[in-house]
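As stored in structure_34.txt (compact mmCIF, C-alpha atoms):
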```
# COMPACT_ATOMS: atom_id res chain seq x y z
CA MET X 1 17.01 21.82 -26.79
CA ASP X 2 18.18 20.44 -23.44
CA LYS X 3 21.80 20.72 -24.54
CA ILE X 4 21.25 24.39 -25.43
CA LYS X 5 19.79 25.05 -21.96
CA VAL X 6 22.77 23.36 -20.32
CA CYS X 7 25.19 25.46 -22.35
CA ILE X 8 23.33 28.67 -21.47
CA THR X 9 23.38 27.72 -17.80
CA LYS X 10 27.13 27.12 -17.90
CA ILE X 11 27.68 30.49 -19.61
CA VAL X 12 25.60 32.28 -16.98
CA ILE X 13 27.56 30.59 -14.17
CA LEU X 14 30.86 31.50 -15.84
CA ILE X 15 29.81 35.15 -16.21
CA PHE X 16 28.81 35.20 -12.56
CA PHE X 17 32.17 33.93 -11.40
CA LEU X 18 34.08 36.27 -13.71
CA THR X 19 32.09 39.21 -12.37
CA PHE X 20 32.57 37.91 -8.83
CA PHE X 21 36.34 37.88 -9.14
CA ALA X 22 36.66 41.02 -11.28
CA THR X 23 34.66 43.20 -8.89
CA GLY X 24 36.78 42.14 -5.96
CA ALA X 25 33.94 40.36 -4.21
CA PHE X 26 36.23 37.37 -3.74
CA CYS X 27 38.64 39.53 -1.78
CA LEU X 28 35.95 40.66 0.63
CA LEU X 29 35.83 37.41 2.57
CA PRO X 30 36.10 38.01 6.30
CA LYS X 31 39.62 37.49 7.57
CA SER X 32 38.55 34.56 9.71
CA GLN X 33 36.82 32.93 6.76
CA ALA X 34 39.89 33.30 4.54
CA GLU X 35 41.99 31.72 7.27
CA ARG X 36 39.49 28.91 7.74
CA GLU X 37 39.51 28.19 4.01
CA GLY X 38 43.30 28.30 3.99
CA PHE X 39 43.61 26.00 7.01
CA GLU X 40 41.22 23.48 5.48
CA ALA X 41 43.07 23.49 2.14
CA TYR X 42 46.36 23.05 4.04
CA ARG X 43 44.89 20.13 5.99
CA ILE X 44 43.98 18.28 2.78
CA ARG X 45 47.31 19.33 1.19
CA ASP X 46 45.79 21.42 -1.57
CA TRP X 47 48.77 23.75 -1.61
CA ASP X 48 47.62 26.10 -4.38
CA THR X 49 44.28 26.75 -2.70
CA ALA X 50 45.93 27.07 0.70
CA THR X 51 48.33 29.64 -0.72
CA LEU X 52 45.47 31.62 -2.26
CA PHE X 53 43.42 31.95 0.93
CA LEU X 54 46.34 32.29 3.34
CA ARG X 55 47.74 35.06 1.17
CA GLN X 56 44.45 36.91 1.64
CA ALA X 57 44.60 36.37 5.38
CA VAL X 58 48.13 37.69 5.88
CA THR X 59 47.80 40.73 3.61
CA ARG X 60 44.70 42.19 5.25
CA GLU X 61 44.89 45.20 7.52
CA GLY X 62 46.38 44.09 10.79
CA GLY X 63 48.09 41.12 9.18
CA ALA X 64 47.74 37.63 10.61
CA GLN X 65 49.17 35.37 13.28
CA ALA X 66 52.56 33.71 12.90
CA GLU X 67 50.84 30.35 12.31
CA SER X 68 49.08 31.66 9.18
CA TRP X 69 52.35 33.01 7.79
CA TYR X 70 54.09 29.72 8.53
CA MET X 71 51.39 27.69 6.77
CA LEU X 72 51.56 30.05 3.79
CA ILE X 73 55.35 29.59 3.58
CA MET X 74 55.09 25.81 3.82
CA SER X 75 52.34 25.73 1.16
CA GLU X 76 54.68 27.65 -1.15
CA MET X 77 57.57 25.31 -0.38
CA TYR X 78 55.47 22.22 -1.06
CA SER X 79 54.24 23.70 -4.35
CA GLU X 80 57.88 24.64 -5.16
CA ASP X 81 57.18 28.37 -5.43
CA TYR X 82 60.53 29.15 -3.86
CA ALA X 83 60.67 32.82 -4.83
CA ALA X 84 57.41 33.54 -3.01
CA ALA X 85 58.49 31.40 -0.06
CA ALA X 86 61.81 33.25 0.27
CA GLY X 87 60.04 36.62 0.26
CA ASP X 88 57.55 35.50 2.88
CA CYS X 89 60.30 34.03 5.04
CA GLU X 90 62.00 37.43 5.09
CA THR X 91 58.73 39.09 6.09
CA PHE X 92 58.12 36.49 8.81
CA THR X 93 61.54 37.01 10.40
CA GLU X 94 60.89 40.75 10.52
CA LEU X 95 57.37 40.44 11.96
CA PHE X 96 57.87 37.55 14.39
CA PRO X 97 61.47 37.52 15.70
CA THR X 98 60.41 35.90 19.00
CA SER X 99 57.99 33.33 17.56
CA PRO X 100 58.60 29.64 18.38
CA LEU X 101 58.30 29.09 14.63
CA PHE X 102 61.18 31.47 13.86
CA GLN X 103 63.88 28.78 13.64
CA VAL X 104 61.75 26.55 11.39
CA VAL X 105 61.09 29.46 9.03
CA GLN X 106 64.79 30.36 9.08
CA TYR X 107 65.61 26.82 7.98
CA GLN X 108 63.04 26.95 5.17
CA TYR X 109 64.40 30.35 4.13
CA GLY X 110 67.85 28.86 3.64
CA ARG X 111 66.44 25.97 1.60
CA SER X 112 64.37 28.28 -0.59
CA LEU X 113 67.45 30.41 -1.34
CA HIS X 114 69.38 27.28 -2.31
CA PHE X 115 66.64 26.21 -4.72
CA LEU X 116 66.79 29.71 -6.23
CA ASN X 117 70.56 29.18 -6.80
CA GLN X 118 71.40 31.94 -4.32
CA ASN X 119 73.90 29.65 -2.65
CA ASP X 120 76.11 32.26 -0.98
CA LYS X 121 73.13 33.76 0.80
CA ALA X 122 71.72 30.31 1.58
CA VAL X 123 74.99 29.31 3.28
CA LEU X 124 74.86 32.40 5.50
CA VAL X 125 71.24 31.80 6.52
CA LEU X 126 71.68 28.08 7.17
CA SER X 127 74.97 28.65 9.02
CA ASP X 128 73.21 31.14 11.30
CA PHE X 129 70.48 28.55 11.86
CA CYS X 130 73.05 25.92 12.88
CA HIS X 131 74.90 28.33 15.15
CA GLN X 132 71.71 29.44 16.90
CA ASN X 133 70.03 26.01 17.07
CA PRO X 134 72.63 23.28 17.71
CA GLY X 135 70.01 21.02 19.27
CA SER X 136 67.42 21.37 16.53
CA PRO X 137 66.04 18.20 14.90
CA GLN X 138 66.78 19.93 11.58
CA TYR X 139 70.44 20.59 12.40
CA ALA X 140 71.76 17.67 10.31
CA SER X 141 69.49 18.60 7.42
CA ALA X 142 70.75 22.18 7.55
CA LEU X 143 74.35 20.91 7.36
CA TYR X 144 73.36 18.80 4.37
CA TRP X 145 71.83 21.76 2.54
CA ILE X 146 74.91 23.88 3.24
CA ALA X 147 76.97 21.07 1.70
CA GLU X 148 74.63 21.05 -1.29
CA CYS X 149 75.31 24.75 -1.82
CA PHE X 150 79.07 24.12 -1.95
CA TYR X 151 78.58 21.04 -4.12
CA GLU X 152 76.59 22.95 -6.73
CA ASP X 153 79.28 25.65 -6.74
CA PHE X 154 81.92 22.90 -7.40
CA ASN X 155 83.61 23.37 -4.03
CA TYR X 156 83.83 19.62 -3.48
CA GLU X 157 86.43 19.78 -0.72
CA THR X 158 84.23 21.86 1.60
CA ALA X 159 81.12 19.95 0.58
CA SER X 160 82.81 16.62 1.38
CA LYS X 161 83.70 17.70 4.90
CA LEU X 162 80.10 18.68 5.60
CA TYR X 163 78.69 15.49 4.06
CA GLU X 164 81.13 13.46 6.17
CA GLN X 165 79.99 15.32 9.29
CA VAL X 166 76.38 14.39 8.55
CA VAL X 167 77.28 10.74 7.91
CA MET X 168 79.57 10.38 10.94
CA ASP X 169 77.74 12.48 13.54
CA TYR X 170 74.14 11.82 12.49
CA PRO X 171 74.08 8.30 10.99
CA LYS X 172 70.40 7.79 11.80
CA ASP X 173 69.25 11.06 10.27
CA PRO X 174 67.37 10.70 6.94
CA LYS X 175 69.94 12.99 5.31
CA ALA X 176 72.85 10.69 6.19
CA ARG X 177 72.04 8.42 3.27
CA ASP X 178 71.83 11.33 0.84
CA ALA X 179 75.13 12.65 2.15
CA LYS X 180 76.75 9.23 1.60
CA PHE X 181 75.43 9.24 -1.96
CA ARG X 182 77.01 12.64 -2.58
CA LEU X 183 80.34 11.46 -1.15
CA ASP X 184 80.27 8.50 -3.55
CA SER X 185 79.59 10.87 -6.45
CA ILE X 186 82.50 13.11 -5.46
CA THR X 187 84.81 10.08 -5.20
CA GLN X 188 83.72 8.99 -8.67
CA ASN X 189 84.48 12.45 -10.09
CA GLU X 190 87.90 12.42 -8.44
CA ARG X 191 88.69 9.04 -10.04
CA GLU X 192 87.80 10.32 -13.48
CA GLU X 193 89.88 13.49 -12.99
CA LYS X 194 92.90 11.45 -11.89
CA LEU X 195 92.64 9.23 -14.94
CA LEU X 196 92.43 12.26 -17.21
CA TYR X 197 95.42 13.82 -15.49
CA LEU X 198 97.51 10.67 -15.87
CA LEU X 199 96.58 10.48 -19.51
CA LYS X 200 97.68 14.05 -20.15
CA MET X 201 100.96 13.54 -18.31
CA THR X 202 101.96 10.63 -20.50
CA GLY X 203 101.68 12.18 -23.93
CA GLU X 204 104.13 9.86 -25.65
CA GLU X 205 102.35 6.84 -24.24
CA TYR X 206 98.96 8.12 -25.28
CA LEU X 207 98.18 5.48 -27.87
CA SER X 208 99.14 2.56 -25.63
CA SER X 209 97.39 3.92 -22.56
CA LYS X 210 94.22 5.17 -24.25
CA GLU X 211 92.58 1.77 -24.48
CA ASN X 212 93.36 0.94 -20.85
CA PHE X 213 92.14 4.36 -19.74
CA GLU X 214 88.86 3.98 -21.59
CA LYS X 215 88.31 0.55 -20.08
CA GLN X 216 88.90 1.85 -16.56
CA LEU X 217 86.72 4.88 -17.18
CA HIS X 218 83.95 2.71 -18.60
CA THR X 219 84.16 0.43 -15.55
CA TYR X 220 83.88 3.35 -13.14
CA GLN X 221 81.02 4.92 -15.07
CA THR X 222 79.17 1.60 -15.29
CA GLU X 223 79.46 1.07 -11.54
CA ASP X 224 78.40 4.65 -10.94
CA SER X 225 75.40 4.33 -13.27
CA LYS X 226 74.30 1.12 -11.55
CA GLY X 227 74.45 2.89 -8.22
CA LEU X 228 72.52 5.87 -9.57
CA LYS X 229 69.83 3.63 -11.06
CA ALA X 230 69.48 1.80 -7.76
CA GLN X 231 69.14 5.14 -5.97
CA LEU X 232 66.53 6.30 -8.50
CA ASP X 233 64.50 3.08 -8.24
CA GLU X 234 64.58 3.25 -4.46
CA ALA X 235 63.54 6.92 -4.41
CA ASN X 236 60.69 6.37 -6.87
CA ALA X 237 59.44 3.35 -4.92
CA ARG X 238 59.46 5.36 -1.69
CA ILE X 239 57.69 8.26 -3.42
CA LYS X 240 54.89 5.93 -4.57
CA GLU X 241 54.63 4.49 -1.07
CA LEU X 242 54.39 7.93 0.56
CA GLU X 243 51.92 9.20 -2.05
CA SER X 244 49.71 6.17 -1.41
CA GLU X 245 49.87 6.79 2.35
CA ASN X 246 49.27 10.49 1.74
CA LYS X 247 46.10 9.75 -0.26
CA LYS X 248 44.74 7.45 2.44
CA GLU X 249 45.50 9.95 5.18
CA VAL X 250 43.75 12.79 3.35
CA GLU X 251 40.66 10.58 3.19
CA THR X 252 40.87 9.77 6.92
CA SER X 253 42.02 13.28 8.00
CA SER X 254 45.21 11.89 9.57
CA SER X 255 48.66 13.28 8.80
CA SER X 256 51.65 11.08 9.67
CA VAL X 257 53.25 11.36 6.21
CA SER X 258 56.03 13.98 6.22
CA GLN X 259 55.51 16.36 3.33
CA ASP X 260 59.14 17.50 3.70
CA ASP X 261 60.31 13.91 3.16
CA LEU X 262 58.06 13.53 0.12
CA LEU X 263 59.22 16.81 -1.41
CA GLU X 264 62.89 16.05 -0.81
CA LEU X 265 62.53 12.54 -2.23
CA ARG X 266 61.11 14.01 -5.43
CA GLN X 267 63.99 16.47 -5.59
CA LYS X 268 66.49 13.67 -5.01
CA ALA X 269 64.90 11.55 -7.76
CA ALA X 270 65.14 14.50 -10.16
CA THR X 271 68.80 15.04 -9.25
CA VAL X 272 69.68 11.37 -9.70
CA GLU X 273 67.84 11.22 -13.00
CA ARG X 274 69.76 14.28 -14.21
CA LEU X 275 73.08 12.69 -13.22
CA LEU X 276 72.14 9.49 -15.03
CA LYS X 277 71.42 11.42 -18.21
CA GLN X 278 74.79 13.17 -17.90
CA ARG X 279 76.54 9.81 -17.48
CA GLU X 280 74.70 8.33 -20.47
CA GLY X 281 75.33 11.42 -22.61
CA LYS X 282 71.66 12.30 -23.05
```
Here is a file; write its structure as C-alpha cells.
Amino acid sequence: MDKIKVCITKIVILIFFLTFFATGAFCLLPKSQAEREGFEAYRIRDWDTATLFLRQAVTREGGAQAESWYMLIMSEMYSEDYAAAAGDCETFTELFPTSPLFQVVQYQYGRSLHFLNQNDKAVLVLSDFCHQNPGSPQYASALYWIAECFYEDFNYETASKLYEQVVMDYPKDPKARDAKFRLDSITQNEREEKLLYLLKMTGEEYLSSKENFEKQLHTYQTEDSKGLKAQLDEANARIKELESENKKEVETSSSSVSQDDLLELRQKAATVERLLKQREGK
C-alpha cells in the first residue's frame, strides 16, 4: 500500500512539472532571477543549467548585460556546444563592440569556428584578434589555433611556421608544448613521405630496398607511437589532477582551476588517441 502511495505521489509531481514547463510558467521567471540561477550554475560549473538560465536572461525584452552573454558563451564552449557558441559570439560582437570582453569573445569565436571545421573563417577571425590585440595573454594561443586550422587542412608548411613562432617566441606559454608536439608530428610525416618517395624512385631496386624501407618505417612509427603514448598518459594524468582540484574547489566555492586548460587538455587527449589509433591501424 505504501509503495502505491509513493508511486502516485511521484506521478502527481511529474504531472505538475510537465504542466509547469508546457504552460510556459518556467519561462516567466523574473529576469534577475534567471540571471541569478544562471550565475550560480556557472559558479558551480554546471554548464547545461547555466546555459538554460542564461539563455532565458539574454533573450528577454531588453536583452542582458555583456557579462551574461559572455557567461552564456563560455558555458556553451565548456559543454562543447560550438554551434550555439559561435552564433552567440556573433551576436555579442554586434551588441557590445566596445565591451572590455569583446576581445575574449572574439578569441572564443575563432576557436568555436575551428571546432566546427570552418577553418577559413576561423583563420580570419583569429588573425583579426592577433592584429588588434598583440599584447593579449591569449595571443600565443590564438597563433596556435590558427596553426591548427592550417594543420587540419594539410597545409603543413604554413602550420609549421606558426607552431615554430609559438615555440620560439612564447616558450613559457602552455601552448608551446602542444606546438612542439605538432612540429614533431609534421617531421614524422615528412620522414614517411620521403621514404615512400625514395621507394617509388627506385623501381628496379624495389625488392632489395623494401625490407630496409619497412624496417626504417617501423622504427619511425614505433618512436612516434611511444611519444604519442607518453603525451596521452601525461594529458590524462593532468586531466585527473585538474578534475580532482575542480571538485574540491566547487565544494569550497573557490575557482583557481582553469576550465579552458581542462577543456583543451581533453581535446588534446582525444587528438592524441586518434593519432595513436591511426598509427596502429585501428
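For the pair atom CA of Ala142 of chain X and atom CA of Leu95 of chain X, the interatomic distance is 23.1 Å.
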* **Near-Phe129 of chain X list (7 Å; all atoms listed in the file; drop same-chain fewer than 5 positions) as a ChimeraX atom specification** => /X:103,106-107
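Taking atom CA of Glu234 of chain X as the reference point, atom CA of Asp178 of chain X is found at 12.1 Å.
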* To do: May I have the residues within 8 Å of Leu183 of chain X as a PyMOL selection string, using all atoms listed in the file and disregarding those fewer than 2 positions away in the same chain?
  => chain X and resi 160+163-164+179-181+185-187
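With distances taken over all atoms listed in the file, X:Ala66 is the one residue among X:Met77, X:Ala66, X:Leu263, X:Ala122 lying closest to Phe102 of chain X.
Atom to atom, atom CA of Glu241 of chain X and atom CA of Ala85 of chain X stand 27.2 Å apart.
For the residues X:Tyr170, X:Phe53, X:Phe92, X:Phe154, ranking by smallest atom-to-atom distance to Val104 of chain X using only C-alpha atoms places X:Phe92 first.
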* From the list X:Leu101, X:Leu116, X:Ala159, X:Ala84, which residue is nearest Gln65 of chain X when using only C-alpha atoms? -> X:Leu101
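Between Asp81 of chain X and the candidates X:Ser127, X:Thr51, X:Thr93, X:Gln56, the tightest atom-to-atom separation, counting only C-alpha atoms, involves X:Thr51.
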Once N, CA, C and O atoms are restored for segment 35-52 of chain X, what would the output be as an mmCIF file, in the frame of the given file?
```cif
data_model
loop_
_atom_site.group_PDB
_atom_site.id
_atom_site.type_symbol
_atom_site.label_atom_id
_atom_site.label_comp_id
_atom_site.auth_asym_id
_atom_site.auth_seq_id
_atom_site.Cartn_x
_atom_site.Cartn_y
_atom_site.Cartn_z
ATOM 1 N N GLU X 35 41.091 32.601 6.526
ATOM 2 C CA GLU X 35 41.990 31.720 7.270
ATOM 3 C C GLU X 35 41.417 30.317 7.375
ATOM 4 O O GLU X 35 42.138 29.330 7.218
ATOM 5 N N ARG X 36 40.109 30.232 7.632
ATOM 6 C CA ARG X 36 39.490 28.910 7.740
ATOM 7 C C ARG X 36 39.616 28.142 6.431
ATOM 8 O O ARG X 36 39.928 26.947 6.419
ATOM 9 N N GLU X 37 39.378 28.833 5.318
ATOM 10 C CA GLU X 37 39.510 28.190 4.010
ATOM 11 C C GLU X 37 40.950 27.753 3.772
ATOM 12 O O GLU X 37 41.219 26.673 3.242
ATOM 13 N N GLY X 38 41.888 28.624 4.162
ATOM 14 C CA GLY X 38 43.300 28.300 3.990
ATOM 15 C C GLY X 38 43.730 27.122 4.853
ATOM 16 O O GLY X 38 44.460 26.237 4.397
ATOM 17 N N PHE X 39 43.261 27.098 6.110
ATOM 18 C CA PHE X 39 43.610 26.000 7.010
ATOM 19 C C PHE X 39 43.056 24.664 6.495
ATOM 20 O O PHE X 39 43.729 23.637 6.560
ATOM 21 N N GLU X 40 41.834 24.707 5.984
ATOM 22 C CA GLU X 40 41.220 23.480 5.480
ATOM 23 C C GLU X 40 41.969 22.971 4.245
ATOM 24 O O GLU X 40 42.238 21.774 4.111
ATOM 25 N N ALA X 41 42.319 23.881 3.330
ATOM 26 C CA ALA X 41 43.070 23.490 2.140
ATOM 27 C C ALA X 41 44.443 22.936 2.538
ATOM 28 O O ALA X 41 44.927 21.961 1.952
ATOM 29 N N TYR X 42 45.061 23.537 3.550
ATOM 30 C CA TYR X 42 46.360 23.050 4.040
ATOM 31 C C TYR X 42 46.210 21.654 4.620
ATOM 32 O O TYR X 42 47.049 20.783 4.402
ATOM 33 N N ARG X 43 45.119 21.438 5.356
ATOM 34 C CA ARG X 43 44.890 20.130 5.990
ATOM 35 C C ARG X 43 44.798 19.023 4.950
ATOM 36 O O ARG X 43 45.325 17.926 5.145
ATOM 37 N N ILE X 44 44.143 19.302 3.815
ATOM 38 C CA ILE X 44 43.980 18.280 2.780
ATOM 39 C C ILE X 44 45.113 18.343 1.746
ATOM 40 O O ILE X 44 45.066 17.687 0.724
ATOM 41 N N ARG X 45 46.109 19.214 2.031
ATOM 42 C CA ARG X 45 47.310 19.330 1.190
ATOM 43 C C ARG X 45 47.019 19.834 -0.220
ATOM 44 O O ARG X 45 47.656 19.423 -1.194
ATOM 45 N N ASP X 46 46.065 20.711 -0.316
ATOM 46 C CA ASP X 46 45.790 21.420 -1.570
ATOM 47 C C ASP X 46 46.581 22.718 -1.498
ATOM 48 O O ASP X 46 46.077 23.765 -1.101
ATOM 49 N N TRP X 47 47.855 22.650 -1.880
ATOM 50 C CA TRP X 47 48.770 23.750 -1.610
ATOM 51 C C TRP X 47 48.422 25.019 -2.374
ATOM 52 O O TRP X 47 48.596 26.125 -1.836
ATOM 53 N N ASP X 48 47.956 24.904 -3.611
ATOM 54 C CA ASP X 48 47.620 26.100 -4.380
ATOM 55 C C ASP X 48 46.454 26.852 -3.743
ATOM 56 O O ASP X 48 46.483 28.086 -3.621
ATOM 57 N N THR X 49 45.428 26.112 -3.341
ATOM 58 C CA THR X 49 44.280 26.750 -2.700
ATOM 59 C C THR X 49 44.664 27.320 -1.343
ATOM 60 O O THR X 49 44.244 28.426 -0.968
ATOM 61 N N ALA X 50 45.466 26.585 -0.602
ATOM 62 C CA ALA X 50 45.930 27.070 0.700
ATOM 63 C C ALA X 50 46.696 28.379 0.541
ATOM 64 O O ALA X 50 46.493 29.333 1.302
ATOM 65 N N THR X 51 47.562 28.424 -0.464
ATOM 66 C CA THR X 51 48.330 29.640 -0.720
ATOM 67 C C THR X 51 47.410 30.814 -1.036
ATOM 68 O O THR X 51 47.609 31.932 -0.551
ATOM 69 N N LEU X 52 46.396 30.570 -1.850
ATOM 70 C CA LEU X 52 45.470 31.620 -2.260
ATOM 71 C C LEU X 52 44.775 32.254 -1.051
ATOM 72 O O LEU X 52 44.789 33.480 -0.877
#
```
